[in-house]
$ cat work.cif   # mmCIF, C-alpha atoms
data_my_file
loop_
_atom_site.label_atom_id
_atom_site.label_comp_id
_atom_site.auth_asym_id
_atom_site.auth_seq_id
_atom_site.Cartn_x
_atom_site.Cartn_y
_atom_site.Cartn_z
CA MET A 1 0.00 0.00 0.00
CA ALA A 2 1.28 3.45 -0.91
CA ILE A 3 1.78 6.04 1.83
CA TRP A 4 -0.89 8.21 0.19
CA GLN A 5 -3.55 5.51 0.55
CA CYS A 6 -5.85 4.66 3.42
CA GLU A 7 -7.17 1.08 3.55
CA PHE A 8 -10.56 -0.20 4.70
CA PHE A 9 -12.27 -3.59 4.99
CA ILE A 10 -15.80 -4.28 3.82
CA LEU A 11 -17.69 -6.94 5.78
CA PRO A 12 -21.18 -8.41 5.70
CA LYS A 13 -23.18 -6.51 8.33
CA SER A 14 -23.68 -8.05 11.75
CA ASP A 15 -24.42 -6.67 15.20
CA THR A 16 -22.48 -9.49 16.85
CA TYR A 17 -18.96 -8.75 15.58
CA ASP A 18 -16.26 -8.61 18.19
CA LEU A 19 -13.52 -7.47 15.84
CA GLN A 20 -10.01 -8.29 16.98
CA TYR A 21 -6.66 -8.69 15.30
CA ASP A 22 -5.98 -12.35 14.65
CA SER A 23 -2.22 -12.28 15.11
CA GLN A 24 0.67 -9.94 15.59
CA TYR A 25 4.22 -10.13 14.31
CA SER A 26 6.40 -7.47 15.88
CA ASP A 27 4.53 -4.21 15.16
CA ILE A 28 2.38 -5.71 12.39
CA ARG A 29 -1.18 -6.63 13.37
CA LEU A 30 -3.18 -8.92 11.08
CA PHE A 31 -6.94 -8.98 10.67
CA GLU A 32 -8.35 -12.00 8.87
CA ASP A 33 -11.72 -10.98 7.43
CA ASP A 34 -12.32 -14.22 5.52
CA LYS A 35 -14.07 -15.85 8.49
CA TYR A 36 -16.85 -13.24 8.25
CA TRP A 37 -17.30 -13.65 4.50
CA LYS A 38 -17.25 -17.48 4.61
CA LYS A 39 -20.32 -17.43 6.85
CA ALA A 40 -22.17 -15.08 4.48
CA LYS A 41 -21.54 -17.08 1.26
CA ILE A 42 -21.92 -14.11 -1.11
CA LYS A 43 -20.87 -14.26 -4.78
CA LYS A 44 -18.19 -11.88 -6.03
CA GLU A 45 -20.43 -10.44 -8.76
CA ILE A 46 -22.19 -8.27 -6.19
CA PHE A 47 -19.22 -5.86 -6.45
CA SER A 48 -19.13 -5.68 -10.27
CA GLU A 49 -21.27 -2.53 -10.30
CA ILE A 50 -18.30 -0.58 -8.91
CA SER A 51 -16.79 -0.83 -12.40
CA HIS A 52 -18.69 2.32 -13.41
CA LEU A 53 -16.45 4.23 -10.96
CA LEU A 54 -13.27 2.15 -10.88
CA LYS A 55 -11.99 0.51 -14.05
CA PRO A 56 -11.53 -3.27 -13.80
CA GLU A 57 -7.83 -4.13 -13.98
CA LYS A 58 -5.91 -7.36 -14.47
CA SER A 59 -4.89 -8.88 -11.15
CA TRP A 60 -1.82 -10.97 -10.44
CA SER A 61 -4.22 -13.73 -9.28
CA ASN A 62 -7.18 -15.40 -10.97
CA GLU A 63 -8.93 -15.31 -7.59
CA ILE A 64 -8.88 -11.52 -7.17
CA ASP A 65 -11.08 -8.99 -8.93
CA LEU A 66 -9.30 -5.64 -8.95
CA TYR A 67 -11.04 -2.34 -9.66
CA GLY A 68 -8.99 0.85 -9.94
CA SER A 69 -5.24 1.36 -9.96
CA GLU A 70 -2.53 -0.04 -7.72
CA ASN A 71 -1.40 3.37 -6.46
CA GLY A 72 -4.75 5.16 -6.65
CA ASN A 73 -8.31 4.48 -5.53
CA ARG A 74 -9.03 0.76 -5.74
CA LEU A 75 -11.22 -2.06 -4.53
CA GLU A 76 -10.13 -5.72 -4.29
CA VAL A 77 -12.41 -8.73 -4.05
CA PHE A 78 -10.77 -12.05 -3.12
CA PHE A 79 -12.83 -15.15 -3.88
CA ASP A 80 -12.64 -18.94 -3.93
CA ALA A 81 -13.04 -21.45 -6.78
CA ASN A 82 -16.86 -21.12 -6.51
CA ASN A 83 -16.73 -17.29 -6.77
CA ILE A 84 -17.68 -16.95 -3.09
CA ILE A 85 -16.15 -13.85 -1.50
CA GLU A 86 -13.33 -14.41 0.99
CA SER A 87 -12.21 -10.82 1.52
CA VAL A 88 -12.98 -7.29 0.32
CA THR A 89 -10.79 -4.26 0.87
CA PHE A 90 -10.58 -0.83 -0.65
CA ARG A 91 -7.98 1.89 -0.63
CA ILE A 92 -8.56 5.60 -0.99
CA ASP A 93 -5.85 7.80 -2.51
CA PHE A 94 -6.28 10.87 -0.33
CA ARG A 95 -4.31 12.99 -2.84
CA SER A 96 -7.11 12.51 -5.37
CA GLU A 97 -10.64 13.80 -5.77
CA TYR A 98 -12.06 10.65 -4.20
CA GLU A 99 -15.56 11.78 -3.24
CA ALA A 100 -17.43 10.07 -6.12
CA VAL A 101 -15.56 6.78 -5.58
CA LEU A 102 -16.12 6.78 -1.83
CA ARG A 103 -19.80 7.70 -2.19
CA GLY A 104 -20.18 4.86 -4.71
CA ILE A 105 -18.61 2.36 -2.31
CA ILE A 106 -20.81 3.61 0.54
CA SER A 107 -23.91 3.29 -1.65
CA LEU A 108 -22.97 -0.27 -2.62
CA CYS A 109 -22.48 -1.13 1.06
CA GLU A 110 -25.83 0.40 2.07
CA LYS A 111 -27.67 -1.40 -0.72
CA ASN A 112 -26.18 -4.80 0.16
CA GLY A 113 -26.05 -4.61 3.95
CA PHE A 114 -22.26 -4.34 4.25
CA CYS A 115 -20.24 -2.37 6.76
CA ILE A 116 -16.93 -0.52 6.43
CA ILE A 117 -14.15 -1.17 8.94
CA ASP A 118 -11.06 1.02 9.27
CA GLY A 119 -7.51 -0.11 10.03
CA ASN A 120 -8.17 0.19 13.77
CA LEU A 121 -11.14 -2.20 13.39
CA ASN A 122 -13.71 0.53 13.99
CA ASN A 123 -17.07 -0.07 12.35
CA LEU A 124 -17.60 3.26 10.59
CA LYS A 125 -20.87 5.03 9.97
CA LEU A 126 -21.78 4.69 6.29
CA SER A 127 -21.46 8.38 5.55
CA PHE A 128 -19.00 10.27 3.42
CA ASN A 129 -18.10 12.68 6.23
CA ALA A 130 -17.48 9.92 8.78
CA ILE A 131 -15.14 8.02 6.46
CA LYS A 132 -13.43 11.22 5.27
CA GLU A 133 -12.76 12.01 8.93
CA ALA A 134 -11.24 8.53 9.41
CA ILE A 135 -9.02 9.15 6.37
CA ASN A 136 -7.92 12.54 7.67
CA LYS A 137 -7.08 11.04 11.09
CA SER A 138 -5.29 7.99 9.65
CA LYS A 139 -1.62 7.34 10.37
CA ASN A 140 -0.87 7.34 6.64
CA LYS A 141 -2.42 10.78 6.14
CA GLU A 142 -0.56 12.15 9.17
CA PHE A 143 2.73 10.62 8.00
CA PHE A 144 2.28 11.83 4.43
CA THR A 145 1.41 15.34 5.57
CA GLU A 146 4.49 15.51 7.79
CA LEU A 147 6.67 14.12 5.02
CA VAL A 148 5.44 16.77 2.64
CA ARG A 149 5.79 19.58 5.18
CA ASN A 150 9.17 18.68 6.63
CA SER A 151 11.11 16.69 4.09
CA ILE A 152 10.01 18.07 0.78
CA ILE A 153 9.18 21.72 1.28
CA GLY A 154 11.58 22.28 4.15
CA ASP A 155 10.94 25.51 5.96
CA LYS A 156 8.54 27.10 3.47
CA LYS A 157 5.66 28.69 5.33
CA GLU A 158 2.89 27.78 2.88
CA PRO A 159 1.73 24.15 2.59
CA PRO A 160 1.93 22.55 -0.86
CA ILE A 161 -0.95 21.97 -3.20
CA ILE A 162 -0.87 18.35 -4.32
CA GLU A 163 -2.27 17.44 -7.72
CA ALA A 164 -3.91 14.03 -8.15
CA VAL A 165 -1.32 12.39 -10.39
CA ASP A 166 0.90 9.37 -9.94
CA ASP A 167 3.97 11.57 -9.39
CA PHE A 168 2.42 14.35 -7.38
CA LYS A 169 3.53 17.90 -8.09
CA PHE A 170 3.65 20.94 -5.87
CA LYS A 171 2.43 24.34 -6.90
CA ASP A 172 6.05 25.57 -7.14
CA ASP A 173 6.65 23.00 -9.91
CA PHE A 174 4.13 24.76 -12.14
CA LYS A 175 5.91 28.15 -12.18
#
$ encode --input "work.cif" --output "structure tokens"
Amino acid sequence: MAIWQCEFFILPKSDTYDLQYDSQYSDIRLFEDDKYWKKAKIKKEIFSEISHLLKPEKSWSNEIDLYGSENGNRLEVFFDANNIIESVTFRIDFRSEYEAVLRGIISLCEKNGFCIIDGNLNNLKLSFNAIKEAINKSKNKEFFTELVRNSIIGDKKEPPIIEAVDDFKFKDDFK
């Protein structure tokens, strides 16, 4: 995952989830969402409508449907040999104009009874503002902002304007 992305899980909705990390290796915590999807037995095609917002891309695996770009906004659906979903994640590129993509994902979740879980395993309210707030408070966003402020622009007083391109540019680059 790129430092300018914030990752989320999508799960079938349930009031009984006691979400916990499944294992930890050093500072890396792992959350295995497949156990929630296996109980639901939902076919992968339910996510195909996202293709009107995120272009389907070729995945490295025949058991992953990938929508969007590796370093941009994207949604991944992992599935088994019977096309039953095992995991769904999405990443938001917070450098981009992501509102339409995020609203589309939220709409898909509302329509199908899914929930959105952040990296801290918080079940987020299905609203653009709630998820935007989670993005803005994420460790990646904080790290990226500090990197831009301290490492790249040094002691300039004005924060940079970041364009939504693969190799982001600062306003000084356009002069």
$ closest_residue --input "work.cif" --among "A:Phe9, A:Phe47, A:Tyr67, A:Phe144" --to "A:Glu32" --atoms "only C-alpha atoms"
A:Phe9
$ residues_around --input "work.cif" --residues "A:Lys41" --least-positions-apart "5" --cutoff "9 Å" --atoms "all atoms listed in the file" --output "list in words"
Ile84, Ile85 and Glu86 of chain A
$ resolve_selection --input "work.cif" --expression "the PyMOL selection byres ((chain A and resi 90-105) around 7)" --output "list in words"
Trp4, Gln5, Cys6, Glu7, Phe8, Phe9, Leu53, Gly72, Asn73, Arg74, Leu75, Glu76, Val88, Thr89, Ile106, Ser107, Leu108, Cys109, Phe128, Ile162, Glu163 and Ala164 of chain A
$ residues_near_point --input "work.cif" --point "(-9.9, -19.0, -3.4)" --cutoff "12 Å" --atoms "all atoms listed in the file" --output "list in words"
Asp34, Lys38, Lys44, Ser61, Asn62, Glu63, Ile64, Asp65, Val77, Phe78, Phe79, Asp80, Ala81, Asn82, Asn83, Ile84, Ile85, Glu86 and Ser87 of chain A
$ residues_around --input "work.cif" --residues "A:Lys125" --least-positions-apart "3" --cutoff "9 Å" --atoms "all atoms listed in the file" --output "list of chain:residue names"
A:Cys115, A:Ile116, A:Phe128, A:Asn129, A:Ala130, A:Ile131
$ atom_distance --input "work.cif" --atom1 "atom CA of A:Glu70" --atom2 "atom CA of A:Asn140"
16.2 Å
$ closest_residue --input "work.cif" --among "A:Leu121, A:Ile3, A:Ile50, A:Ile10" --to "A:Phe31" --atoms "all atoms listed in the file"
A:Leu121
$ closest_residue --input "work.cif" --among "A:Asn71, A:Lys139, A:Lys132, A:Glu57" --to "A:Asn120" --atoms "only C-alpha atoms"
A:Lys139
$ atom_distance --input "work.cif" --atom1 "atom CA of A:Gly113" --atom2 "atom CA of A:Pro12"
6.4 Å
$ atom_distance --input "work.cif" --atom1 "atom CA of A:Val148" --atom2 "atom CA of A:Met1"
17.8 Å
$ axis_aligned_box --input "work.cif" --around "stretch 84-96 of chain A" --padding-each-side "6 Å" --output "JSON"
{"center_x": -11.0, "center_y": -2.0, "center_z": -1.9, "size_x": 25.4, "size_y": 41.9, "size_z": 18.9}
$ closest_residue --input "work.cif" --among "A:Ala2, A:Leu66, A:Lys43, A:Phe143" --to "A:Asn112" --atoms "all atoms listed in the file"
A:Lys43
